[in-house]
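Q: File name start-v1.txt; file contents compact mmCIF, C-alpha atoms and all ligand atoms; full text below.
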```txt
# COMPACT_ATOMS: atom_id res chain seq x y z
CA MET M 21 -11.37 -89.49 63.03
CA CYS M 22 -9.64 -90.12 59.74
CA ARG M 23 -8.62 -93.61 58.81
CA ASN M 24 -5.24 -94.45 57.34
CA GLU M 25 -4.46 -97.48 55.30
CA ARG M 26 -1.72 -98.87 53.12
CA ARG M 27 -2.80 -100.42 49.86
CA PHE M 28 -0.73 -102.33 47.32
CA CYS M 29 -1.27 -101.66 43.65
CA ARG M 30 -2.57 -104.23 41.20
CA CYS M 31 0.87 -105.65 40.34
CA GLY M 32 2.03 -105.57 43.95
CA ARG M 33 5.29 -103.78 43.21
CA ASN M 34 4.27 -100.52 44.85
CA SER M 35 2.03 -99.34 47.64
CA ALA M 36 0.37 -96.14 48.74
CA SER M 37 -0.67 -94.67 52.07
CA LEU M 38 -4.31 -93.70 51.81
CA LEU M 39 -6.36 -91.20 53.75
CA PHE M 40 -10.07 -91.64 54.48
CA ARG M 41 -11.31 -88.25 55.63
CA ASP M 42 -13.78 -88.51 58.53
CA ASN M 43 -13.81 -92.25 57.90
CA LEU M 44 -16.87 -91.92 55.65
CA LEU M 45 -15.76 -94.31 52.92
CA TYR M 46 -14.58 -97.92 53.16
CA PRO M 47 -11.34 -99.22 51.66
CA GLU M 48 -13.51 -101.32 49.31
CA VAL M 49 -14.64 -98.12 47.58
CA LEU M 50 -11.20 -98.09 45.98
CA ILE M 51 -11.80 -100.95 43.56
CA ASN M 52 -8.31 -100.89 42.11
CA LEU M 53 -5.06 -99.05 42.51
CA TYR M 54 -2.56 -99.00 39.66
CA CYS M 55 1.01 -97.79 39.97
CA PRO M 56 3.03 -96.42 37.02
CA LEU M 57 4.25 -99.97 36.32
CA CYS M 58 0.80 -101.56 36.08
CA GLN M 59 -1.39 -98.69 34.84
CA ASP M 60 -1.45 -100.33 31.41
CA GLN M 61 -3.44 -103.23 32.86
CA THR M 62 -6.61 -101.16 32.86
CA VAL M 63 -8.70 -99.26 30.36
CA TRP M 64 -8.95 -95.60 31.26
CA ASN M 65 -12.43 -94.47 32.29
CA GLU M 66 -12.63 -90.90 33.54
CA ALA M 67 -16.08 -91.46 35.07
CA ILE M 68 -14.65 -93.72 37.77
CA MET M 69 -10.90 -93.08 37.68
CA LEU M 70 -8.44 -90.44 38.70
CA ARG M 71 -4.92 -90.25 37.32
CA ASP M 72 -2.04 -88.74 39.28
CA CYS M 73 1.53 -88.89 37.98
CA GLY M 74 1.18 -92.36 36.49
CA TRP M 75 -0.94 -93.77 39.32
CA ILE M 76 -4.61 -94.57 38.73
CA LEU M 77 -7.25 -94.80 41.44
CA GLU M 78 -10.40 -96.64 40.38
CA TYR M 79 -13.43 -95.88 42.53
CA ASP M 80 -16.78 -97.53 43.15
CA ILE M 81 -18.62 -94.28 42.44
CA PRO M 82 -22.20 -95.51 43.11
CA GLY M 83 -21.01 -97.04 46.39
CA ALA M 84 -19.24 -93.84 47.37
CA GLN M 85 -22.29 -91.77 46.48
CA ALA M 86 -24.53 -93.95 48.66
CA LEU M 87 -22.15 -93.79 51.63
CA LEU M 88 -21.72 -90.02 51.38
CA GLN M 89 -25.45 -89.43 51.05
CA GLN M 90 -26.13 -91.66 54.03
CA GLN M 91 -23.86 -89.42 56.07
CA GLY M 92 -25.23 -86.14 54.91
CA VAL M 93 -22.71 -85.15 52.25
CA ARG M 94 -24.81 -83.76 49.43
CA SER M 95 -22.15 -83.34 46.76
CA THR M 96 -22.09 -85.50 43.66
CA ALA M 97 -19.46 -88.18 44.03
CA THR M 98 -16.87 -87.96 41.26
CA PRO M 99 -13.29 -89.25 41.28
CA GLU M 100 -12.07 -85.65 41.52
CA PHE M 101 -14.37 -84.88 44.45
CA LEU M 102 -13.39 -88.01 46.41
CA PHE M 103 -9.72 -87.33 45.80
CA ASP M 104 -9.55 -83.55 46.22
CA GLU M 105 -11.74 -83.50 49.33
CA GLY M 106 -9.67 -86.25 50.91
CA TYR M 107 -12.49 -88.77 51.32
CA LEU M 108 -10.28 -91.35 49.63
CA SER M 109 -6.95 -89.92 48.66
CA TRP M 110 -3.21 -90.07 49.29
CA GLN M 111 -2.11 -89.64 52.88
CA GLY M 112 -0.05 -86.54 52.29
CA LEU M 113 0.55 -85.26 48.78
CA SER M 114 1.73 -88.41 47.02
CA PRO M 115 1.58 -92.20 47.58
CA GLY M 116 4.93 -92.31 49.40
CA ASP M 117 4.62 -89.19 51.51
CA GLN M 118 3.99 -90.95 54.79
CA ASP M 119 7.10 -93.12 54.42
CA LEU M 120 9.17 -90.14 53.40
CA ASN M 121 7.95 -88.15 56.38
CA ALA M 122 8.80 -90.99 58.76
CA ALA M 123 12.27 -91.35 57.21
CA LEU M 124 12.85 -87.62 57.55
CA HIS M 125 11.90 -87.73 61.24
CA ARG M 126 14.24 -90.67 61.82
CA ARG M 127 17.12 -89.00 60.02
CA LEU M 128 16.81 -85.68 61.81
CA ALA M 129 15.86 -87.06 65.23
CA PRO M 130 19.45 -86.98 66.58
CA LEU M 131 19.32 -83.21 66.20
CA ILE M 132 16.47 -82.85 68.70
CA GLU M 133 18.74 -83.08 71.73
CA ASP M 134 21.70 -81.28 70.18
CA ASP M 135 19.96 -78.35 68.62
CA LEU M 136 16.19 -78.16 68.66
CA ALA M 137 16.01 -74.96 66.64
CA ARG M 138 18.13 -76.48 63.91
CA TYR M 139 16.00 -79.62 63.98
CA LEU M 140 12.81 -77.64 63.45
CA GLU M 141 14.41 -75.50 60.78
CA SER M 142 15.79 -78.53 58.90
CA MET M 143 12.48 -80.31 59.17
CA LYS M 144 10.67 -77.38 57.68
CA SER M 145 13.14 -76.64 54.89
CA GLU M 146 13.47 -80.30 53.83
CA TRP M 147 9.71 -80.72 53.77
CA LEU M 148 9.21 -77.54 51.75
CA ARG M 149 11.83 -78.73 49.29
CA HIS M 150 9.99 -82.03 48.98
CA VAL M 151 6.68 -80.26 48.35
CA ALA M 152 8.32 -78.05 45.72
CA GLU M 153 9.65 -81.16 43.96
CA LEU M 154 6.21 -82.78 43.98
CA LYS M 155 4.72 -79.61 42.57
CA VAL M 156 7.16 -79.55 39.68
CA ALA M 157 6.59 -83.26 39.06
CA GLY M 158 2.88 -82.51 38.67
CA TRP M 159 1.32 -84.29 41.66
CA ARG M 160 -2.28 -83.18 41.93
CA LYS M 161 -2.46 -82.44 45.66
CA ALA M 162 0.90 -80.64 45.60
CA GLN M 163 -0.46 -78.06 43.16
CA LYS M 164 -2.60 -76.58 45.94
CA ALA M 165 -0.01 -76.96 48.69
ZN ZN A 201 1.73 -101.72 40.21
```
Can you give me the file's structure in the form of structure tokens?
Ligand SMILES: [Zn+2]

A:
Amino acid sequence: MCRNERRFCRCGRNSASLLFRDNLLYPEVLINLYCPLCQDQTVWNEAIMLRDCGWILEYDIPGAQALLQQQGVRSTATPEFLFDEGYLSWQGLSPGDQDLNAALHRRLAPLIEDDLARYLESMKSEWLRHVAELKVAGWRKAQKA
């Protein structure tokens, strides 16, 4: 089971949907989350932070390492590892992906009864367009999508 959680950033003006792959890490492992509006409130430290399009995730790396080891994950915990492997990362490809996905479903839902094929086609093409936009914008997870 993967856990999902919404977390507000330091200034409280933005929030992100987070994914905890296999539920190995606790929400507390993310010490701080900074959005583009509050990223200046911290001092950049690449040993414990990951930057993604103006957002900064600050991790408790020793804590993460202990939890992973306890559960048999032998890799060295780094911000990049935790993020890229999905142990504590965005749900989706960017902080707002889950909301966007829900909105897309709501908007296209009326099509389901009228024209299921068109619904599926629209769903797919709109999502692919979204992913392409994220890729161009430079979102880290979108680069591999
Ligand atoms: Zn903020």

Q: Would you work out the distance separating atom CA of Cys31 of chain M from atom CA of His150 of chain M, expressed in Å to one decimal?

A: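 Taking atom CA of Cys31 of chain M as the start and atom CA of His150 of chain M as the end point, the length is 26.8 Å.
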
Q: Write out as a list of chain:residue names the residues lying within 9 Å of Glu66 of chain M, counting only C-alpha atoms and excluding same-chain residues fewer than 4 positions away.

A: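 Skipping anything fewer than 4 positions along the chain leaves M:Leu70, M:Arg71, M:Pro99.
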
Q: As a PyMOL selection string, please: the residues near Leu131 of chain M (cut-off 12 Å, all atoms listed in the file, same-chain neighbours under 6 positions excluded).

A: chain M and resi 124-125+137-143

Q: What does the distance from atom CA of Arg41 of chain M to atom CA of Asn24 of chain M come to in Å, to one decimal?

A: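 We find that atom CA of Arg41 of chain M and atom CA of Asn24 of chain M lie 8.8 Å from each other.
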
Q: Around ligand ZN 201 (chain A), at most 8 Å away and counting only C-alpha atoms and all ligand atoms, which residues are there? Put them as a PyMOL selection string, please.

A: chain M and resi 28-35+53-59

Q: Out of M:Ser145, M:Gln111, M:Ser37, M:Gln85, which residue has the shortest atom-to-atom distance to Val49 of chain M when counting all atoms listed in the file?

A: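 Ranking M:Ser145, M:Gln111, M:Ser37, M:Gln85 by distance to Val49 of chain M, first place goes to M:Gln85.
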
Q: Report, in Å to a single decimal, how far apart atom CA of Phe103 of chain M and atom CA of Leu88 of chain M are.

A: 13.5 Å

Q: Just checking: using only C-alpha atoms, which residue out of M:Lys144, M:Lys161, M:Asp117, M:Glu48 ends up closest to Gly83 of chain M?

A: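 The answer is M:Glu48, which sits nearest to Gly83 of chain M.
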
Q: Edge lengths and centre, in Å to one decimal, as AutoDock Vina command-line options: that's what I need for the box along x, y and z that holds all listed atoms of segment 71-82 of chain M plus 6 Å on each side.

A:
```
--center_x -10.3 --center_y -93.1 --center_z 39.8 --size_x 35.7 --size_y 20.8 --size_z 18.7
```

Q: Determine, counting all atoms listed in the file, which protein, DNA and RNA residues have an atom within 12 Å of an atom of Asp80 of chain M; residues of the same chain fewer than 2 positions away are not included. Present the result as a PDB file with C-alpha atoms, keeping the file's coordinate frame.

A:
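Saved as result-v7.pdb:
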```pdb
ATOM      1  CA  LEU M  45     -15.760 -94.310  52.920  1.00  0.00           C
ATOM      2  CA  TYR M  46     -14.580 -97.920  53.160  1.00  0.00           C
ATOM      3  CA  PRO M  47     -11.340 -99.220  51.660  1.00  0.00           C
ATOM      4  CA  GLU M  48     -13.510-101.320  49.310  1.00  0.00           C
ATOM      5  CA  VAL M  49     -14.640 -98.120  47.580  1.00  0.00           C
ATOM      6  CA  LEU M  50     -11.200 -98.090  45.980  1.00  0.00           C
ATOM      7  CA  ILE M  51     -11.800-100.950  43.560  1.00  0.00           C
ATOM      8  CA  ASN M  52      -8.310-100.890  42.110  1.00  0.00           C
ATOM      9  CA  LEU M  53      -5.060 -99.050  42.510  1.00  0.00           C
ATOM     10  CA  ALA M  67     -16.080 -91.460  35.070  1.00  0.00           C
ATOM     11  CA  ILE M  68     -14.650 -93.720  37.770  1.00  0.00           C
ATOM     12  CA  MET M  69     -10.900 -93.080  37.680  1.00  0.00           C
ATOM     13  CA  LEU M  70      -8.440 -90.440  38.700  1.00  0.00           C
ATOM     14  CA  LEU M  77      -7.250 -94.800  41.440  1.00  0.00           C
ATOM     15  CA  GLU M  78     -10.400 -96.640  40.380  1.00  0.00           C
ATOM     16  CA  PRO M  82     -22.200 -95.510  43.110  1.00  0.00           C
ATOM     17  CA  GLY M  83     -21.010 -97.040  46.390  1.00  0.00           C
ATOM     18  CA  ALA M  84     -19.240 -93.840  47.370  1.00  0.00           C
ATOM     19  CA  GLN M  85     -22.290 -91.770  46.480  1.00  0.00           C
ATOM     20  CA  ALA M  86     -24.530 -93.950  48.660  1.00  0.00           C
ATOM     21  CA  LEU M  87     -22.150 -93.790  51.630  1.00  0.00           C
ATOM     22  CA  ALA M  97     -19.460 -88.180  44.030  1.00  0.00           C
ATOM     23  CA  THR M  98     -16.870 -87.960  41.260  1.00  0.00           C
ATOM     24  CA  PRO M  99     -13.290 -89.250  41.280  1.00  0.00           C
ATOM     25  CA  LEU M 102     -13.390 -88.010  46.410  1.00  0.00           C
ATOM     26  CA  LEU M 108     -10.280 -91.350  49.630  1.00  0.00           C
TER      27      LEU M 108
END
```

Q: Name the residues in contact with Trp159 of chain M at a cut-off of 8 Å, using only C-alpha atoms, excluding same-chain residues fewer than 5 positions from it; report them as a list in words.

A: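 What passes the distance filter is Asp72, Cys73, Leu113, Ser114 and Leu154 of chain M.
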